[in-house]
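Worksheet for the structure shown next.
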Amino acid sequence: MSESGCPGFKDLQDYMGRGLMKFKRNQKGINDLKAKFRDAFGATMGVLDIEYDDVIESDTAFADLGFIGQDIVDTQRFLKSKTLITGQDFAKWEWNPKSPLNGYPYAAALYTGFYAFGKYPVAGRPWTDRAIERVNIPEWMAHELRKMGIKARSESL
């Protein structure tokens, strides 16, 4: 028996190189699968987009941090500042509201925390992380693919 486990051939490349093992590429199948992945990705990002808004508007999303009865929307400027850029295989969100008093862009301050009036600490509220936790992107993608007839499962990273 040779190293390859294929009698009479020195290795798998030798076996395949002699034309004994032929593969035909199913380009239509590959293209159909890619389209389904793009559709599943788009649907999943749509769910995440809605969840971002829900976390921002919720008055209980950060109750575990002591924010009860408080959302992180400042007269809708924060929510309305969201922009979403998408492509076939990416989605990019940006928030950049500015304070009408001093022009300060406060999205990062809301995420990491800040001092109100320069002296009162306000804990950060990482809304993007909270939304991603709620959606569970790998599981949602697998769910969307299963709806399309593709056997998919998510695994913890």
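FYI, nothing fancy with the structure tokens labels: chains A, B, ... in order, residues from 1 per chain, ligands from 1 as they appear.
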Can you list every residue in range 3-145 of chain A that DSSP puts in strand (DSSP E or B), as an NGL selection string? :A and (83-86 or 91-94 or 98 or 105 or 113-116 or 120-123)
Emit the selected residues as a tab-separated table (two decimals), in the first residue's frame, including N, CA and C atoms.
chain	number	residue	atom	x	y	z
A	83	THR	N	-27.07	55.99	10.20
A	83	THR	CA	-26.97	55.73	8.76
A	83	THR	C	-26.58	54.27	8.60
A	84	LEU	N	-27.10	53.68	7.56
A	84	LEU	CA	-26.81	52.27	7.26
A	84	LEU	C	-26.34	52.19	5.82
A	85	ILE	N	-25.16	51.61	5.66
A	85	ILE	CA	-24.59	51.39	4.33
A	85	ILE	C	-24.50	49.88	4.15
A	86	THR	N	-25.03	49.37	3.04
A	86	THR	CA	-25.01	47.93	2.81
A	86	THR	C	-24.43	47.61	1.44
A	91	ALA	N	-22.68	45.13	6.05
A	91	ALA	CA	-23.60	46.16	6.54
A	91	ALA	C	-22.82	47.00	7.53
A	92	LYS	N	-22.94	48.31	7.40
A	92	LYS	CA	-22.19	49.22	8.28
A	92	LYS	C	-23.15	50.28	8.81
A	93	TRP	N	-23.20	50.38	10.13
A	93	TRP	CA	-24.04	51.38	10.78
A	93	TRP	C	-23.16	52.46	11.38
A	94	GLU	N	-23.66	53.68	11.37
A	94	GLU	CA	-22.99	54.78	12.06
A	94	GLU	C	-24.04	55.64	12.73
A	98	LYS	N	-25.23	65.15	17.22
A	98	LYS	CA	-24.46	66.24	17.82
A	98	LYS	C	-25.37	67.02	18.77
A	105	PRO	N	-20.31	65.49	19.40
A	105	PRO	CA	-20.86	64.22	18.93
A	105	PRO	C	-20.86	63.21	20.08
A	113	GLY	N	-19.69	55.92	28.32
A	113	GLY	CA	-19.97	56.63	29.57
A	113	GLY	C	-19.39	58.03	29.51
A	114	PHE	N	-19.86	58.87	30.40
A	114	PHE	CA	-19.42	60.27	30.38
A	114	PHE	C	-19.74	60.91	31.73
A	115	TYR	N	-19.31	62.14	31.88
A	115	TYR	CA	-19.64	62.93	33.07
A	115	TYR	C	-20.64	64.00	32.65
A	116	ALA	N	-21.84	63.92	33.20
A	116	ALA	CA	-22.86	64.92	32.91
A	116	ALA	C	-22.50	66.21	33.64
A	120	TYR	N	-21.02	64.57	37.10
A	120	TYR	CA	-21.87	63.43	37.47
A	120	TYR	C	-21.61	62.26	36.52
A	121	PRO	N	-21.02	61.17	37.03
A	121	PRO	CA	-20.72	60.04	36.13
A	121	PRO	C	-21.99	59.34	35.64
A	122	VAL	N	-22.03	59.10	34.36
A	122	VAL	CA	-23.14	58.37	33.75
A	122	VAL	C	-22.53	57.15	33.06
A	123	ALA	N	-22.98	55.96	33.46
A	123	ALA	CA	-22.42	54.73	32.90
A	123	ALA	C	-22.70	54.64	31.40
Write out as a VMD selection string which residues come within 6 Å of range 37-46 of chain A when counting only C-alpha atoms, dropping same-chain ones fewer than 3 positions away. chain A and resid 34 49 141 144 to 145
Residues of range 4-156 of chain A in helix (DSSP H, G or I) according to DSSP, as number ranges by chain? A: 12-17, 27-57, 63-65, 77-80, 107-112, 127-135, 137-147
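Every protein or nucleic acid residue with an atom no more than 9 Å from Thr112 in chain A, counting only C-alpha atoms and leaving out same-chain residues fewer than 2 positions away, appears here: A:Ala107, A:Ala108, A:Ala109, A:Leu110, A:Phe114, A:Ala123, A:Gly124, A:Arg125, A:Pro126.
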Could you take the residues named above and write them with C-alpha atoms, as an mmCIF file, in the first residue's frame?
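File out-v6.cif, as written:
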data_model
loop_
_atom_site.group_PDB
_atom_site.id
_atom_site.type_symbol
_atom_site.label_atom_id
_atom_site.label_comp_id
_atom_site.auth_asym_id
_atom_site.auth_seq_id
_atom_site.Cartn_x
_atom_site.Cartn_y
_atom_site.Cartn_z
ATOM 1 C CA ALA A 107 -22.548 58.570 20.315
ATOM 2 C CA ALA A 108 -19.189 57.436 21.713
ATOM 3 C CA ALA A 109 -19.919 59.046 25.084
ATOM 4 C CA LEU A 110 -23.228 57.207 25.318
ATOM 5 C CA PHE A 114 -19.418 60.267 30.385
ATOM 6 C CA ALA A 123 -22.422 54.726 32.904
ATOM 7 C CA GLY A 124 -21.961 53.778 29.274
ATOM 8 C CA ARG A 125 -24.744 51.993 27.473
ATOM 9 C CA PRO A 126 -23.231 49.851 24.703
#
Suppose you want the space between CA of Ile56 in chain A and CA of Asp71 in chain A; what is it in Å?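 CA of Asp71 in chain A lies at a distance of 6.3 Å from CA of Ile56 in chain A.
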Gap from CA of Asn96 in chain A to CA of Thr128 in chain A - Å, one decimal: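 If I compute the distance from CA of Asn96 in chain A to CA of Thr128 in chain A, I get 13.6 Å.
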Using only C-alpha atoms, the shortest atom-to-atom distance to Gln70 in chain A among A:Glu57, A:Lys82, A:Leu48, A:Asn102 belongs to A:Glu57
Counting only C-alpha atoms, which of A:Asp32, A:Arg130, A:Lys10, A:Phe90 gets nearest to Met148 in chain A?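 Closest to Met148 in chain A of all the choices is A:Asp32.
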I'd like the neighbourhood of Glu139 in chain A as a PDB file with C-alpha atoms, in the first residue's frame, where a residue qualifies if any of its atoms comes within 10 Å (using only C-alpha atoms), though same-chain residues fewer than 6 positions away should be ignored.
ATOM      1  CA  THR A  44     -30.365  38.899   9.424  1.00  0.00           C
ATOM      2  CA  LEU A 145     -30.829  29.454   5.765  1.00  0.00           C
ATOM      3  CA  ALA A 152     -27.519  24.951   8.697  1.00  0.00           C
ATOM      4  CA  ARG A 153     -26.620  25.171  12.322  1.00  0.00           C
ATOM      5  CA  SER A 154     -24.796  27.713  14.367  1.00  0.00           C
ATOM      6  CA  GLU A 155     -22.000  26.889  16.711  1.00  0.00           C
ATOM      7  CA  SER A 156     -20.629  28.929  19.555  1.00  0.00           C
TER       8      SER A 156
END
Between A:Tyr111, A:Trp95, A:Phe67, A:Tyr106, single out the one closest to Asp129 in chain A, counting only C-alpha atoms. A:Tyr111
